[in-house]
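Q: Shown below is the structure under consideration.
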Amino acid sequence: MELKQVNFSYNANHPLINHFSAKVPQGKILSIIGPNGAGKTTLLQLLTGQLIPDSGQILVDNQPLADLDAKERATKIAIVSQQHHVLDEMTVSDVVKMGRRPFHSLLATISDEEVAPFLEQVQLTKMATRNIASLSGGQQQRVWIAMALAQEPEYLFLDEPTTYLDVRYQTELMALIQKLQADKKMTVILILHDINQAMKISDEIWLLKNGQLIASGRPEQLLNESLLSAAFGMTVHVVTVPGYGQYVVQV
Ligand SMILES: Nc1ncnc2c1ncn2[C@@H]1O[C@H](COP(=O)(O)OP(=O)(O)OP(=O)(O)O)[C@@H](O)[C@H]1O
């Protein structure tokens, strides 16, 4: 996936994404980080086709994203966002079936057996018949991931997936994402607020500010106090934690 000279603005007087060019590393984990309002969600929505660039091009497997119809796009790109359009009375299995929609003309023809492997991948087999509303936030997050996996995408996007999760669930979720990526060789693109999570999980990081890509590279290349302090507008230290490695502390 590649962005070529992409421009986008919500308001003609304030261009947000400006001549943005970058290549998403194929089959790897990419994290997009940056301060509030940097344009991370906007960039994700451009890459997933939810927003259309004012000019420039987004290519998926060397094909313009704009040329893919909704069904083709859904079999390539899956999104775990923070908004969910499901009914409380739907079961976990029903929700995951929604991810199989691109492969069927009717939701009713999708069997429980068809979605069982995706529930197993996120360890929710035992909860298949539970109502989605009765699950904890961490369990629900795994349902959204199973729904996205049911699309069998090449590209899995996750927008701040650890928001509202406690520290243990955050760690478990990051481990699950890494395992799924390794097993399925998908390209995973995450928006993360926690710099240390991004450093730990990513093969590559994009640092955004004011709609610009101000730095990109392997995590160790971004572990730079002056770069991070300037990007986040606050003093950032990189310290060494015994048994862990380098850790970013915002002071
Ligand atoms: N639908 C919209 N209409 C107008 N302006 C918008 C809209 N969505 C976002 N913006 C503005 O675009 C800028 C970038 O927003 P965006 O949500 O992409 O940033 P972000 O880096 O994801 O921020 P955050 O970390 O706070 O989620 C912000 O100034 C925001 O106010």
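By order of appearance in the structure tokens: chains A, B, ..., then residues from 1 within every chain, and ligands from 1 in the order shown.
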Can you work out which residues are within 8 Å of ligand 1, considering only C-alpha atoms and all ligand atoms, and then hand them over as a list of chain:residue names?
A: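 If we count only C-alpha atoms and all ligand atoms, the neighbours of ligand 1 turn out to be A:Ser9, A:Tyr10, A:Asn11, A:Leu16, A:Ile33, A:Gly34, A:Pro35, A:Asn36, A:Gly37, A:Ala38, A:Gly39, A:Lys40, A:Thr41, A:Thr42, A:Leu43, A:Ile191, A:His193, A:Leu208, A:Lys209, A:Asn210, A:Gly211.
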Q: Restricting the output to N, CA and C atoms, write the selected residues as a compact mmCIF listing (two decimals), in the first residue's frame.
A:
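Result written to result37.txt:
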```
# COMPACT_ATOMS: atom_id res chain seq x y z
N SER A 9 -8.06 18.01 2.83
CA SER A 9 -8.45 19.00 3.83
C SER A 9 -9.94 18.86 4.11
N TYR A 10 -10.32 19.10 5.37
CA TYR A 10 -11.74 19.15 5.73
C TYR A 10 -12.29 20.52 5.37
N ASN A 11 -11.37 21.52 5.42
CA ASN A 11 -11.76 22.91 5.20
C ASN A 11 -10.76 23.51 4.20
N LEU A 16 -4.92 19.81 5.58
CA LEU A 16 -4.44 19.00 6.72
C LEU A 16 -3.32 18.06 6.27
N ILE A 33 1.96 7.19 15.11
CA ILE A 33 1.89 7.90 16.39
C ILE A 33 1.95 9.41 16.13
N GLY A 34 1.64 10.18 17.16
CA GLY A 34 1.70 11.64 17.03
C GLY A 34 0.72 12.27 17.99
N PRO A 35 0.86 13.57 18.24
CA PRO A 35 -0.02 14.23 19.20
C PRO A 35 -1.47 14.30 18.72
N ASN A 36 -2.37 14.65 19.62
CA ASN A 36 -3.79 14.82 19.26
C ASN A 36 -3.89 15.81 18.10
N GLY A 37 -4.75 15.48 17.16
CA GLY A 37 -4.98 16.38 16.03
C GLY A 37 -3.92 16.32 14.95
N ALA A 38 -2.96 15.39 15.07
CA ALA A 38 -1.87 15.31 14.09
C ALA A 38 -2.36 14.84 12.72
N GLY A 39 -3.51 14.14 12.71
CA GLY A 39 -4.04 13.65 11.43
C GLY A 39 -3.97 12.13 11.30
N LYS A 40 -3.77 11.43 12.42
CA LYS A 40 -3.60 9.97 12.37
C LYS A 40 -4.88 9.28 11.87
N THR A 41 -6.03 9.64 12.47
CA THR A 41 -7.29 9.00 12.07
C THR A 41 -7.64 9.39 10.63
N THR A 42 -7.37 10.63 10.29
CA THR A 42 -7.64 11.08 8.91
C THR A 42 -6.82 10.23 7.93
N LEU A 43 -5.55 10.02 8.26
CA LEU A 43 -4.69 9.22 7.38
C LEU A 43 -5.22 7.79 7.28
N ILE A 191 -3.04 2.69 14.97
CA ILE A 191 -2.85 4.01 15.57
C ILE A 191 -2.69 3.78 17.06
N HIS A 193 -1.55 5.54 20.95
CA HIS A 193 -1.19 6.73 21.73
C HIS A 193 0.00 6.46 22.62
N LEU A 208 3.63 11.48 13.13
CA LEU A 208 2.91 12.55 12.43
C LEU A 208 2.79 13.79 13.30
N LYS A 209 2.87 14.93 12.67
CA LYS A 209 2.52 16.19 13.35
C LYS A 209 1.98 17.15 12.30
N ASN A 210 0.89 17.82 12.61
CA ASN A 210 0.27 18.77 11.69
C ASN A 210 0.09 18.19 10.28
N GLY A 211 -0.33 16.94 10.23
CA GLY A 211 -0.60 16.31 8.93
C GLY A 211 0.63 15.95 8.13
```
Q: Would you list the contacts of Val6 in chain A as a list in words, taking every protein, DNA or RNA residue within 9 Å and counting only C-alpha atoms, but skipping same-chain residues closer than 3 positions in sequence?
A: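 So, after excluding close chain neighbours, the residues are Leu3, Ile17, Asn18, His19, Phe20, Ser21, Pro53, Asp54, Ser55, Gly56, Gln57 and Ile58 of chain A.
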Q: Could you check the closest approach to Val167 in chain A for each of A:Gly138, A:Met147, A:Ile201, A:Val95 and tell me which residue wins, using only C-alpha atoms?
A: A:Gly138
Q: Near Ser216 in chain A, counting only C-alpha atoms, which residues have an atom at most 9 Å away, once you skip same-chain residues fewer than 3 positions from it, shown as a PDB file with N, CA and C atoms, in the first residue's frame?
A:
```pdb
ATOM      1  N   GLU A 204       7.817  -0.871  11.986  1.00  0.00           N
ATOM      2  CA  GLU A 204       8.077   0.496  11.513  1.00  0.00           C
ATOM      3  C   GLU A 204       7.094   1.453  12.197  1.00  0.00           C
ATOM      4  N   ILE A 205       7.555   2.689  12.393  1.00  0.00           N
ATOM      5  CA  ILE A 205       6.701   3.713  13.019  1.00  0.00           C
ATOM      6  C   ILE A 205       6.682   4.946  12.134  1.00  0.00           C
ATOM      7  N   TRP A 206       5.500   5.520  11.999  1.00  0.00           N
ATOM      8  CA  TRP A 206       5.382   6.833  11.354  1.00  0.00           C
ATOM      9  C   TRP A 206       5.015   7.826  12.452  1.00  0.00           C
ATOM     10  N   LEU A 207       5.776   8.917  12.546  1.00  0.00           N
ATOM     11  CA  LEU A 207       5.490   9.971  13.514  1.00  0.00           C
ATOM     12  C   LEU A 207       4.881  11.160  12.761  1.00  0.00           C
ATOM     13  N   LEU A 208       3.632  11.475  13.125  1.00  0.00           N
ATOM     14  CA  LEU A 208       2.912  12.551  12.429  1.00  0.00           C
ATOM     15  C   LEU A 208       2.791  13.787  13.296  1.00  0.00           C
ATOM     16  N   LEU A 213       4.401  13.802   7.819  1.00  0.00           N
ATOM     17  CA  LEU A 213       5.204  12.689   8.321  1.00  0.00           C
ATOM     18  C   LEU A 213       6.556  13.286   8.712  1.00  0.00           C
ATOM     19  N   PRO A 219      11.643   1.231  15.186  1.00  0.00           N
ATOM     20  CA  PRO A 219      11.446   1.847  16.494  1.00  0.00           C
ATOM     21  C   PRO A 219      12.718   2.473  17.057  1.00  0.00           C
ATOM     22  N   GLN A 221      15.097   3.817  15.635  1.00  0.00           N
ATOM     23  CA  GLN A 221      15.447   5.064  14.951  1.00  0.00           C
ATOM     24  C   GLN A 221      14.624   6.243  15.476  1.00  0.00           C
ATOM     25  N   LEU A 222      13.459   5.923  16.078  1.00  0.00           N
ATOM     26  CA  LEU A 222      12.607   7.007  16.593  1.00  0.00           C
ATOM     27  C   LEU A 222      12.800   7.253  18.086  1.00  0.00           C
TER      28      LEU A 222
END
```
Q: Could you give me, as CSV, a per-residue list for range 19-42 of chain A showing, wherever an atom lies at most 6 Å from an atom of range 184-187 of chain A, the closest pair of atoms and their distance in Å to one decimal, using only C-alpha atoms and sorting by chain then residue number from low to high?
A:
```
residue,atom,partner,partner_atom,distance
A:Gln26,CA,A:Thr187,CA,5.6
A:Gly27,CA,A:Thr187,CA,4.2
A:Lys28,CA,A:Thr187,CA,5.1
```
Q: Can I get the selected residues back with C-alpha atoms, as a PDB file, in the first residue's frame?
A:
```pdb
ATOM      1  CA  GLN A  26       4.171  -5.087   3.384  1.00  0.00           C
ATOM      2  CA  GLY A  27       3.549  -7.994   5.771  1.00  0.00           C
ATOM      3  CA  LYS A  28       4.782  -6.014   8.760  1.00  0.00           C
TER       4      LYS A  28
END
```
Q: Using the chain letters and numbers from this document, which residues of range 12-243 of chain A does DSSP assign to helix (DSSP H, G or I), as a PyMOL selection string?
A: chain A and resi 40-47+65-67+70-76+92-98+101-103+107-109+112-121+125-127+132-134+137-149+167-184+195-201+219-222+225-232
Q: Go ahead and dump the residues you just picked, C-alpha atoms, as a compact mmCIF listing (two decimals), in the first residue's frame.
A:
```txt
# COMPACT_ATOMS: atom_id res chain seq x y z
CA LYS A 40 -3.60 9.97 12.37
CA THR A 41 -7.29 9.00 12.07
CA THR A 42 -7.64 11.08 8.91
CA LEU A 43 -4.69 9.22 7.38
CA LEU A 44 -6.20 5.87 8.40
CA GLN A 45 -9.51 6.86 6.83
CA LEU A 46 -7.74 7.83 3.61
CA LEU A 47 -5.84 4.51 3.53
CA LEU A 65 -7.76 2.18 -4.10
CA ALA A 66 -10.42 4.29 -5.79
CA ASP A 67 -10.85 1.59 -8.48
CA ALA A 70 -16.86 -1.94 -1.80
CA LYS A 71 -16.80 -5.75 -1.91
CA GLU A 72 -13.24 -5.95 -3.30
CA ARG A 73 -12.10 -3.41 -0.75
CA ALA A 74 -13.68 -5.39 2.11
CA THR A 75 -11.73 -8.54 1.19
CA LYS A 76 -8.44 -6.61 1.20
CA VAL A 92 -20.86 -12.86 19.40
CA SER A 93 -21.23 -15.31 16.51
CA ASP A 94 -23.72 -13.01 14.71
CA VAL A 95 -21.30 -10.10 14.96
CA VAL A 96 -18.42 -12.12 13.50
CA LYS A 97 -20.71 -13.25 10.66
CA MET A 98 -20.94 -9.60 9.60
CA ARG A 101 -20.66 -10.40 4.33
CA PRO A 102 -18.32 -9.72 1.37
CA PHE A 103 -18.36 -13.47 0.60
CA LEU A 107 -26.22 -12.74 6.12
CA ALA A 108 -28.67 -15.58 6.82
CA THR A 109 -26.67 -18.05 4.72
CA ASP A 112 -21.87 -20.82 12.82
CA GLU A 113 -19.27 -23.31 11.55
CA GLU A 114 -17.99 -20.77 9.02
CA VAL A 115 -17.12 -18.24 11.72
CA ALA A 116 -15.91 -20.75 14.34
CA PRO A 117 -12.22 -20.56 13.25
CA PHE A 118 -12.18 -16.77 13.69
CA LEU A 119 -13.65 -17.04 17.19
CA GLU A 120 -11.04 -19.63 18.03
CA GLN A 121 -8.23 -17.36 16.84
CA THR A 125 -15.24 -20.04 21.16
CA LYS A 126 -16.98 -20.49 24.50
CA MET A 127 -18.69 -17.12 24.19
CA ILE A 132 -22.33 -8.90 22.67
CA ALA A 133 -23.56 -6.42 25.30
CA SER A 134 -22.83 -8.91 28.12
CA GLY A 137 -14.59 -4.21 27.02
CA GLY A 138 -11.56 -6.43 26.49
CA GLN A 139 -13.69 -9.36 25.31
CA GLN A 140 -15.65 -7.08 22.97
CA GLN A 141 -12.39 -5.82 21.49
CA ARG A 142 -11.53 -9.42 20.60
CA VAL A 143 -14.96 -9.82 18.94
CA TRP A 144 -14.27 -6.79 16.72
CA ILE A 145 -10.92 -8.32 15.82
CA ALA A 146 -12.58 -11.66 14.99
CA MET A 147 -15.09 -9.81 12.78
CA ALA A 148 -12.20 -8.11 10.96
CA LEU A 149 -10.31 -11.43 10.62
CA VAL A 167 -2.93 -2.69 31.48
CA ARG A 168 -3.17 -6.49 31.47
CA TYR A 169 -5.72 -6.56 28.62
CA GLN A 170 -3.57 -4.06 26.70
CA THR A 171 -0.57 -6.38 26.96
CA GLU A 172 -2.66 -9.42 25.99
CA LEU A 173 -4.15 -7.58 23.04
CA MET A 174 -0.74 -6.50 21.75
CA ALA A 175 0.50 -10.12 22.03
CA LEU A 176 -2.60 -11.33 20.15
CA ILE A 177 -2.08 -8.79 17.35
CA GLN A 178 1.57 -9.86 17.01
CA LYS A 179 0.60 -13.55 16.92
CA LEU A 180 -2.15 -13.03 14.32
CA GLN A 181 0.16 -10.96 12.15
CA ALA A 182 2.89 -13.61 12.31
CA ASP A 183 0.44 -16.49 11.60
CA LYS A 184 -1.41 -14.81 8.76
CA ILE A 195 4.72 5.40 22.43
CA ASN A 196 6.16 2.43 24.34
CA GLN A 197 3.51 0.07 23.00
CA ALA A 198 4.31 1.31 19.51
CA MET A 199 8.05 0.84 20.09
CA LYS A 200 7.50 -2.70 21.35
CA ILE A 201 5.10 -4.04 18.73
CA PRO A 219 11.45 1.85 16.49
CA GLU A 220 15.08 2.32 17.56
CA GLN A 221 15.45 5.06 14.95
CA LEU A 222 12.61 7.01 16.59
CA GLU A 225 14.55 12.49 22.93
CA SER A 226 14.70 15.74 20.96
CA LEU A 227 12.59 14.37 18.09
CA LEU A 228 9.86 13.04 20.42
CA SER A 229 9.95 16.11 22.68
CA ALA A 230 9.46 18.41 19.67
CA ALA A 231 6.69 16.23 18.22
CA PHE A 232 4.67 16.00 21.45
```
Q: Just the strand (DSSP E or B) stuff from range 3-224 of chain A, please, per backbone DSSP, written as JSON, numbers by chain.
A: {"A": [3, 4, 5, 6, 7, 8, 11, 14, 17, 18, 19, 20, 21, 22, 23, 29, 30, 31, 32, 33, 55, 56, 57, 58, 59, 60, 63, 64, 77, 78, 79, 80, 91, 131, 155, 156, 157, 158, 159, 187, 188, 189, 190, 191, 204, 205, 206, 207, 208, 209, 212, 213, 214, 215, 216, 217]}
